[in-house]
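Here's the structure, in structure tokens; my notes come after.
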Amino acid sequence: MALHAKDLMRKKAVVKTDATVKEVARKMISMGLPGLPVVNDRMEAIGVVTEFNILGAIREGLDLEKTAAARIMTPEPVTADANTSCYELIQIMLVNNYTVIPIVSVSNGKCVGVVSRFSVMDANLSPRYSSISSGRKHDDALIFV
């Protein structure tokens, strides 16, 4: 069975532009993700905040409780749709050194989830080790934002 983004993505894994860096970091940690898509009011992915963006904010001495995600995000992210193959996702990640790829709906352009390098690796391990194969739901993480 070929895997696609819809099989790998985490839903509810987005933050709004006005979420604070602290809120973004807490959500990333609680969901076990190295980054999150930043969405506008129409739920369109307009950026991505990764661990590197947060580390940069810390290095710059920004107030993590007052600085918005929009201030530190990487704008104009490369996205994929739910039917993008696992191998295409891997190619995008390797060529661009991305840790996450926002997944958008073909029908309305809204961000519906995110695929991380971890979820790709997890799904491609033997079923004995894969949390996806064992039935763990990725949407069960705590959500702070």
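Just remember, in the structure tokens the first chain shown is A, the second B, etc., residues are 1-based per chain, and ligands are 1-based in the order shown.
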Note to self: I need the residues in stretch 34-97 of chain A that are strand (DSSP E or B) according to DSSP; give them as a count of residues only.
What the structure shows: 17
Applying 7 Å and only C-alpha atoms, which residues near stretch 62-67 of chain A remain after dropping the ones on its own chain fewer than 5 positions away? List them as an mmCIF file with C-alpha atoms, in the first residue's frame.
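For reference, part_33.cif as written:
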data_model
loop_
_atom_site.group_PDB
_atom_site.id
_atom_site.type_symbol
_atom_site.label_atom_id
_atom_site.label_comp_id
_atom_site.auth_asym_id
_atom_site.auth_seq_id
_atom_site.Cartn_x
_atom_site.Cartn_y
_atom_site.Cartn_z
ATOM 1 C CA THR A 20 2.760 34.025 20.731
ATOM 2 C CA VAL A 21 6.075 32.269 20.248
ATOM 3 C CA LYS A 22 5.593 30.687 23.673
ATOM 4 C CA ALA A 57 13.928 34.285 18.647
#
Margin query: Set the distance at 12 Å and use only C-alpha atoms: which residues neighbour A:Ala25 once local chain neighbours fewer than 3 positions away are removed? I'd like the list as a ChimeraX atom specification.
Written below: /A:14-15,19-22,28-36,49-55,57-58,64-65,67-69,72,143-145
Note to self: My list of candidates is A:Cys111, A:Ala13, A:Val78, A:Val106. Which is closest to A:Asn40 when distances are computed with only C-alpha atoms?
What the structure shows: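 Closest to A:Asn40, using only C-alpha atoms: A:Cys111.
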Note to self: Could you pull out the helix (DSSP H, G or I) residues of stretch 26-114 of chain A, going by DSSP on the backbone, and write them as a VMD selection string?
What the structure shows: chain A and resid 26 to 31 51 to 60 69 to 72 86 to 96
Would you mind exporting the chosen residues as a CSV table (one decimal), in the first residue's frame, restricted to C-alpha atoms?
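In the end it all went to again_25.csv:
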chain,number,residue,atom,x,y,z
A,26,ARG,CA,4.2,24.7,23.7
A,27,LYS,CA,1.9,23.4,20.9
A,28,MET,CA,4.9,22.0,19.0
A,29,ILE,CA,6.2,20.2,22.1
A,30,SER,CA,2.8,18.8,23.1
A,31,MET,CA,2.2,17.5,19.6
A,51,GLU,CA,12.4,24.9,16.1
A,52,PHE,CA,15.0,26.9,14.3
A,53,ASN,CA,12.8,30.0,14.2
A,54,ILE,CA,12.1,29.7,17.9
A,55,LEU,CA,15.8,29.2,18.7
A,56,GLY,CA,16.5,32.3,16.7
A,57,ALA,CA,13.9,34.3,18.6
A,58,ILE,CA,15.5,33.1,21.9
A,59,ARG,CA,19.0,34.1,20.6
A,60,GLU,CA,17.7,37.5,19.6
A,69,ALA,CA,4.3,33.8,15.2
A,70,ALA,CA,4.1,36.1,12.2
A,71,ARG,CA,7.2,37.9,13.4
A,72,ILE,CA,9.4,34.8,13.3
A,86,CYS,CA,5.1,9.8,0.6
A,87,TYR,CA,8.0,9.6,-1.8
A,88,GLU,CA,7.2,13.1,-3.2
A,89,LEU,CA,7.1,14.4,0.4
A,90,ILE,CA,10.5,12.9,1.1
A,91,GLN,CA,11.9,14.5,-2.0
A,92,ILE,CA,10.6,17.9,-1.0
A,93,MET,CA,12.0,17.5,2.5
A,94,LEU,CA,15.4,16.3,1.3
A,95,VAL,CA,15.9,18.9,-1.4
A,96,ASN,CA,14.8,21.8,0.8
Next item on the list: Select, from A:Met121, A:Val38, A:Leu3, A:Ala80, the residue with the minimum atom-to-atom distance to A:Ile101, counting only C-alpha atoms.
Entry: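 Checking each of A:Met121, A:Val38, A:Leu3, A:Ala80 against A:Ile101, counting only C-alpha atoms, the winner is A:Ala80.
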Check: Just how far from atom CA of A:Asp18 is atom CA of A:Asn97, in Å to one decimal?
Finding: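 Going from atom CA of A:Asn97 over to atom CA of A:Asp18 covers 26.2 Å.
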Next item on the list: Name the residues in contact with stretch 42-46 of chain A at a cut-off of 6 Å, using only C-alpha atoms, excluding same-chain residues fewer than 5 positions from it; report them as a PyMOL selection string.
Entry: chain A and resi 37+75-76+110-111
Item checked: Between atom CA of A:Ala2 and atom CA of A:Ala82, distance in Å (one decimal) -> 13.0 Å
Next item on the list: Identify which of the residues A:Thr84, A:Thr74, A:Thr17, A:Thr99 lies closest to A:His4, counting only C-alpha atoms when measuring atom-to-atom distances.
Entry: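 Checking each candidate against A:His4, we get A:Thr84 as the closest.
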Checklist line | Straight-line distance linking atom CA of A:Val115 with atom CA of A:Thr79, stated in Å to one decimal | finding: 9.9 Å
